[in-house]
Amino acid sequence: MRGYIVLNRPWAFVQWLEKATIDEEYILMAEPDHIFVNPLPNLAHGDHPAGYSFSYIKPAAHEKIIRKYYPEERGPVTKVDPIGNSPVIIKKSILEEISPTWVNISLRMKDDHESDKAFGWVLEMYAYAVASALHGVRHVLRKDFMIQPPWDLEVGKRFIIHYTYGCDFNLKGELTYGKIGEWRFDKRSYLSGPPPKNLSLPPPGVPESVVRLVKMVNEATANIPDWDSINRG
């Protein structure tokens with residue numbers, strides 16, 4: 001949609017919530033590049049959804065733009081959580097209230113040149129954060145919700161690995177981010193088809209989070225029926 005496919009996400013939630021029969025009280029919003037590494041409990045607290053604080057979602061740093069959608073009479077910009085819609089655990093009833101606003105804010109931001117330029121690929125994340133604030137919804141920010149290799153080094157008791165960043169290392173186990181490494185794992189390497197079985201493990205010295213990620217991808221490809229035929233297709 002307008003060269004920004006993620007604009008479909010909030011509208012998809014609106015349609016799903018309207019048309020699907022959902023018996024559960026709470027909904028987990030997650031993504032295809034999330035790997036669950038520990039059993040995930042319901043981290044929400046009643047009407048307060050659980051979310052993850054993203055270092056690159058900074059409403060206060062973009063106050064001038066945020067104020068186009070969250071006016072001063074609503075309160076300080078700090079009421080806009082530094083989150084996206086995923087990962088989030090939220091009451092279905094609250095998501096039903098937020099989602100139409102999320103759609104409208106996303107479209108308004110995309111139509112506004114300043115917002116579109118400033119927020120880029122994470123525009124609908126900002127839109128979700130603003131929509132939540134407009135409905136008076138504050139998220140419980142859980143740093144243990146997710147890790148993002150290669151920057152987060154250990155899995156520990158975290159619940160999700162988000163493999164959004166490329167992992168590039170030399171054979172000494174040193175990070176070469178921004179430069180293709182002698183060893184690498186990057187989901188963008190597989191845009192034309194899924195990864196093969198038995199990806200090579202990282203060299204010694206690479207963070208445990210990256211090793212765990214590759215091992216879990218290998219575990220999945222080894223156990224999904226007919227993976228080789230999927231890859232050929």
# chains A, B, ... in the order shown; residues from 1 in each chain; ligands from 1

$ select_by_dssp --residues "stretch 20-228 of chain A" --states "alpha helix (DSSP H)" --output "ChimeraX atom specification"
/A:63-66,92-111,113-119,123-134,208-223,227-228

$ closest_atom_pairs --of "stretch 162-182 of chain A" --to "stretch 17-40 of chain A" --cutoff "12 Å" --atoms "only C-alpha atoms" --output "Markdown table"
| residue | atom | partner | partner_atom | distance |
| --- | --- | --- | --- | --- |
| A:His162 | CA | A:His34 | CA | 4.7 |
| A:Tyr163 | CA | A:Asp33 | CA | 5.7 |
| A:Thr164 | CA | A:Asp33 | CA | 7.0 |
| A:Tyr165 | CA | A:Asp33 | CA | 10.4 |

$ atom_distance --atom1 "atom CA of A:Leu7" --atom2 "atom CA of A:Ile90"
20.4 Å

$ residues_around --residues "A:Arg74" --least-positions-apart "3" --cutoff "10 Å" --atoms "only C-alpha atoms" --output "PyMOL selection string"
chain A and resi 67+70-71+77+79+133-134+136

$ write_last_selection --atoms "C-alpha atoms" --output "tab-separated table (two decimals), in the first residue's frame"
chain	number	residue	atom	x	y	z
A	67	ARG	CA	1.68	16.86	18.43
A	70	TYR	CA	-1.58	13.92	20.07
A	71	PRO	CA	-2.42	17.53	20.95
A	77	VAL	CA	4.31	13.40	25.04
A	79	LYS	CA	2.22	9.45	27.70
A	133	ALA	CA	-2.18	7.11	24.13
A	134	LEU	CA	-5.28	8.72	22.61
A	136	GLY	CA	-5.53	6.48	27.58

$ atom_distance --atom1 "atom CA of A:Val214" --atom2 "atom CA of A:Leu199"
7.1 Å

$ atom_distance --atom1 "atom CA of A:Lys143" --atom2 "atom CA of A:Asn218"
26.4 Å

$ residues_around --residues "A:Asn198" --least-positions-apart "5" --cutoff "12 Å" --atoms "only C-alpha atoms" --output "number ranges by chain"
A: 214-223, 227-228

$ closest_atom_pairs --of "stretch 41-80 of chain A" --to "stretch 111-121 of chain A" --cutoff "12 Å" --atoms "only C-alpha atoms" --output "Markdown table"
| residue | atom | partner | partner_atom | distance |
| --- | --- | --- | --- | --- |
| A:Tyr56 | CA | A:Phe119 | CA | 9.9 |
| A:Ile57 | CA | A:Phe119 | CA | 8.9 |
| A:Lys58 | CA | A:Phe119 | CA | 10.0 |
| A:Pro59 | CA | A:Phe119 | CA | 10.3 |
| A:Ala61 | CA | A:Ala118 | CA | 10.7 |
| A:His62 | CA | A:Ala118 | CA | 8.3 |
| A:Glu63 | CA | A:Ser115 | CA | 11.1 |
| A:Lys64 | CA | A:Ser115 | CA | 9.8 |
| A:Ile65 | CA | A:Ser115 | CA | 6.3 |
| A:Ile66 | CA | A:Ser115 | CA | 8.5 |
| A:Arg67 | CA | A:Ser115 | CA | 10.9 |
| A:Lys68 | CA | A:Ser115 | CA | 9.2 |
| A:Tyr69 | CA | A:Ser115 | CA | 10.3 |

$ closest_atom_pairs --of "stretch 117-220 of chain A" --to "stretch 100-104 of chain A" --cutoff "7 Å" --atoms "only C-alpha atoms" --output "JSON lines"
{"residue": "A:Ala127", "atom": "CA", "partner": "A:Trp102", "partner_atom": "CA", "distance": 5.8}
{"residue": "A:Tyr128", "atom": "CA", "partner": "A:Trp102", "partner_atom": "CA", "distance": 5.3}
{"residue": "A:Ala131", "atom": "CA", "partner": "A:Trp102", "partner_atom": "CA", "distance": 5.1}

$ residues_around --residues "A:Ser209" --least-positions-apart "3" --cutoff "7 Å" --atoms "only C-alpha atoms" --output "PyMOL selection string"
chain A and resi 149+152-155+212-213

$ write_last_selection --atoms "N, CA and C atoms" --output "JSON list (two decimals), in the first residue's frame"
[["chain", "number", "residue", "atom", "x", "y", "z"],
["A", 149, "PRO", "N", 19.28, -9.92, 18.68],
["A", 149, "PRO", "CA", 20.68, -10.13, 18.32],
["A", 149, "PRO", "C", 21.04, -9.31, 17.08],
["A", 152, "ASP", "N", 21.75, -7.66, 21.68],
["A", 152, "ASP", "CA", 21.50, -8.32, 22.95],
["A", 152, "ASP", "C", 22.25, -9.64, 22.95],
["A", 153, "LEU", "N", 23.06, -9.85, 23.94],
["A", 153, "LEU", "CA", 24.07, -10.92, 23.87],
["A", 153, "LEU", "C", 23.60, -12.26, 24.40],
["A", 154, "GLU", "N", 22.67, -12.26, 25.36],
["A", 154, "GLU", "CA", 22.27, -13.51, 26.00],
["A", 154, "GLU", "C", 20.75, -13.64, 26.01],
["A", 155, "VAL", "N", 20.29, -14.88, 25.91],
["A", 155, "VAL", "CA", 18.85, -15.15, 25.97],
["A", 155, "VAL", "C", 18.36, -15.09, 27.41],
["A", 212, "ARG", "N", 22.10, -19.32, 19.64],
["A", 212, "ARG", "CA", 20.77, -19.88, 19.94],
["A", 212, "ARG", "C", 19.81, -19.66, 18.78],
["A", 213, "LEU", "N", 19.86, -18.50, 18.20],
["A", 213, "LEU", "CA", 19.00, -18.18, 17.06],
["A", 213, "LEU", "C", 19.22, -19.16, 15.92]]

$ closest_residue --among "A:Gly181, A:Lys197, A:Lys172, A:Pro41" --to "A:Arg158" --atoms "only C-alpha atoms"
A:Pro41

$ closest_residue --among "A:Val14, A:Ile230, A:Leu43, A:Val206" --to "A:Phe145" --atoms "only C-alpha atoms"
A:Leu43

$ closest_residue --among "A:Ser53, A:Asn42, A:Ser106, A:Ser132" --to "A:Asn8" --atoms "only C-alpha atoms"
A:Ser106

$ select_by_dssp --residues "stretch 102-177 of chain A" --states "strand (DSSP E or B)" --output "PDB file with all heavy atoms, in the first residue's frame"
ATOM      1  N   VAL A 140       2.697  -1.748  30.092  1.00  0.00           N
ATOM      2  CA  VAL A 140       3.763  -2.169  30.990  1.00  0.00           C
ATOM      3  C   VAL A 140       4.955  -2.536  30.107  1.00  0.00           C
ATOM      4  O   VAL A 140       4.868  -3.448  29.273  1.00  0.00           O
ATOM      5  CB  VAL A 140       3.336  -3.390  31.833  1.00  0.00           C
ATOM      6  CG1 VAL A 140       4.477  -3.834  32.744  1.00  0.00           C
ATOM      7  CG2 VAL A 140       2.089  -3.071  32.643  1.00  0.00           C
ATOM      8  N   LEU A 141       6.047  -1.820  30.246  1.00  0.00           N
ATOM      9  CA  LEU A 141       7.209  -2.020  29.369  1.00  0.00           C
ATOM     10  C   LEU A 141       8.084  -3.122  29.949  1.00  0.00           C
ATOM     11  O   LEU A 141       8.614  -2.999  31.048  1.00  0.00           O
ATOM     12  CB  LEU A 141       7.990  -0.719  29.215  1.00  0.00           C
ATOM     13  CG  LEU A 141       7.181   0.468  28.662  1.00  0.00           C
ATOM     14  CD1 LEU A 141       8.063   1.697  28.532  1.00  0.00           C
ATOM     15  CD2 LEU A 141       6.534   0.123  27.328  1.00  0.00           C
ATOM     16  N   MET A 146      11.686  -9.526  24.977  1.00  0.00           N
ATOM     17  CA  MET A 146      12.313  -9.841  23.699  1.00  0.00           C
ATOM     18  C   MET A 146      13.778  -9.416  23.705  1.00  0.00           C
ATOM     19  O   MET A 146      14.161  -8.486  24.403  1.00  0.00           O
ATOM     20  CB  MET A 146      11.553  -9.085  22.592  1.00  0.00           C
ATOM     21  CG  MET A 146      11.966  -9.386  21.180  1.00  0.00           C
ATOM     22  SD  MET A 146      10.830  -8.615  20.000  1.00  0.00           S
ATOM     23  CE  MET A 146      11.341  -6.895  20.101  1.00  0.00           C
ATOM     24  N   ILE A 147      14.590 -10.128  22.925  1.00  0.00           N
ATOM     25  CA  ILE A 147      15.949  -9.677  22.639  1.00  0.00           C
ATOM     26  C   ILE A 147      16.117  -9.555  21.129  1.00  0.00           C
ATOM     27  O   ILE A 147      15.372 -10.169  20.351  1.00  0.00           O
ATOM     28  CB  ILE A 147      17.021 -10.622  23.208  1.00  0.00           C
ATOM     29  CG1 ILE A 147      16.916 -12.020  22.593  1.00  0.00           C
ATOM     30  CG2 ILE A 147      16.946 -10.667  24.714  1.00  0.00           C
ATOM     31  CD1 ILE A 147      18.110 -12.905  22.895  1.00  0.00           C
ATOM     32  N   ILE A 160      11.415 -14.019  23.780  1.00  0.00           N
ATOM     33  CA  ILE A 160      11.388 -13.999  22.313  1.00  0.00           C
ATOM     34  C   ILE A 160      12.739 -13.542  21.776  1.00  0.00           C
ATOM     35  O   ILE A 160      13.345 -12.613  22.314  1.00  0.00           O
ATOM     36  CB  ILE A 160      10.275 -13.047  21.790  1.00  0.00           C
ATOM     37  CG1 ILE A 160       8.887 -13.577  22.153  1.00  0.00           C
ATOM     38  CG2 ILE A 160      10.382 -12.833  20.288  1.00  0.00           C
ATOM     39  CD1 ILE A 160       7.767 -12.578  21.869  1.00  0.00           C
ATOM     40  N   ILE A 161      13.199 -14.191  20.711  1.00  0.00           N
ATOM     41  CA  ILE A 161      14.297 -13.661  19.902  1.00  0.00           C
ATOM     42  C   ILE A 161      13.678 -13.026  18.656  1.00  0.00           C
ATOM     43  O   ILE A 161      12.934 -13.671  17.921  1.00  0.00           O
ATOM     44  CB  ILE A 161      15.279 -14.763  19.464  1.00  0.00           C
ATOM     45  CG1 ILE A 161      16.020 -15.361  20.661  1.00  0.00           C
ATOM     46  CG2 ILE A 161      16.296 -14.203  18.463  1.00  0.00           C
ATOM     47  CD1 ILE A 161      16.947 -16.514  20.292  1.00  0.00           C
ATOM     48  N   HIS A 162      14.010 -11.768  18.440  1.00  0.00           N
ATOM     49  CA  HIS A 162      13.546 -11.043  17.251  1.00  0.00           C
ATOM     50  C   HIS A 162      14.738 -10.908  16.304  1.00  0.00           C
ATOM     51  O   HIS A 162      15.686 -10.186  16.596  1.00  0.00           O
ATOM     52  CB  HIS A 162      13.026  -9.661  17.666  1.00  0.00           C
ATOM     53  CG  HIS A 162      12.527  -8.828  16.533  1.00  0.00           C
ATOM     54  ND1 HIS A 162      12.523  -7.446  16.572  1.00  0.00           N
ATOM     55  CD2 HIS A 162      11.985  -9.158  15.336  1.00  0.00           C
ATOM     56  CE1 HIS A 162      12.024  -6.969  15.451  1.00  0.00           C
ATOM     57  NE2 HIS A 162      11.693  -7.989  14.679  1.00  0.00           N
ATOM     58  N   CYS A 167      23.281 -10.378  11.298  1.00  0.00           N
ATOM     59  CA  CYS A 167      24.355 -10.788  12.216  1.00  0.00           C
ATOM     60  C   CYS A 167      25.596 -11.109  11.381  1.00  0.00           C
ATOM     61  O   CYS A 167      25.654 -12.169  10.737  1.00  0.00           O
ATOM     62  CB  CYS A 167      23.919 -12.000  13.040  1.00  0.00           C
ATOM     63  SG  CYS A 167      22.497 -11.698  14.108  1.00  0.00           S
ATOM     64  N   ASP A 168      26.551 -10.210  11.375  1.00  0.00           N
ATOM     65  CA  ASP A 168      27.770 -10.365  10.594  1.00  0.00           C
ATOM     66  C   ASP A 168      28.981 -10.405  11.514  1.00  0.00           C
ATOM     67  O   ASP A 168      29.189  -9.491  12.319  1.00  0.00           O
ATOM     68  CB  ASP A 168      27.920  -9.205   9.595  1.00  0.00           C
ATOM     69  CG  ASP A 168      26.920  -9.284   8.462  1.00  0.00           C
ATOM     70  OD1 ASP A 168      27.182 -10.049   7.518  1.00  0.00           O
ATOM     71  OD2 ASP A 168      25.878  -8.598   8.528  1.00  0.00           O
ATOM     72  N   PHE A 169      29.794 -11.462  11.358  1.00  0.00           N
ATOM     73  CA  PHE A 169      30.976 -11.640  12.203  1.00  0.00           C
ATOM     74  C   PHE A 169      32.139 -12.131  11.356  1.00  0.00           C
ATOM     75  O   PHE A 169      31.940 -12.809  10.338  1.00  0.00           O
ATOM     76  CB  PHE A 169      30.704 -12.663  13.308  1.00  0.00           C
ATOM     77  CG  PHE A 169      29.685 -12.213  14.321  1.00  0.00           C
ATOM     78  CD1 PHE A 169      28.322 -12.384  14.098  1.00  0.00           C
ATOM     79  CD2 PHE A 169      30.092 -11.608  15.504  1.00  0.00           C
ATOM     80  CE1 PHE A 169      27.385 -11.961  15.021  1.00  0.00           C
ATOM     81  CE2 PHE A 169      29.161 -11.190  16.441  1.00  0.00           C
ATOM     82  CZ  PHE A 169      27.809 -11.369  16.194  1.00  0.00           C
ATOM     83  N   LEU A 175      32.109  -8.782  15.739  1.00  0.00           N
ATOM     84  CA  LEU A 175      31.003  -8.207  14.984  1.00  0.00           C
ATOM     85  C   LEU A 175      31.527  -7.270  13.904  1.00  0.00           C
ATOM     86  O   LEU A 175      32.387  -6.435  14.162  1.00  0.00           O
ATOM     87  CB  LEU A 175      30.070  -7.453  15.929  1.00  0.00           C
ATOM     88  CG  LEU A 175      28.817  -6.822  15.329  1.00  0.00           C
ATOM     89  CD1 LEU A 175      27.862  -7.891  14.815  1.00  0.00           C
ATOM     90  CD2 LEU A 175      28.113  -5.961  16.384  1.00  0.00           C
TER      91      LEU A 175
END

$ closest_residue --among "A:Asn85, A:Ser200, A:Ser229, A:Gln148" --to "A:Ser99" --atoms "only C-alpha atoms"
A:Asn85
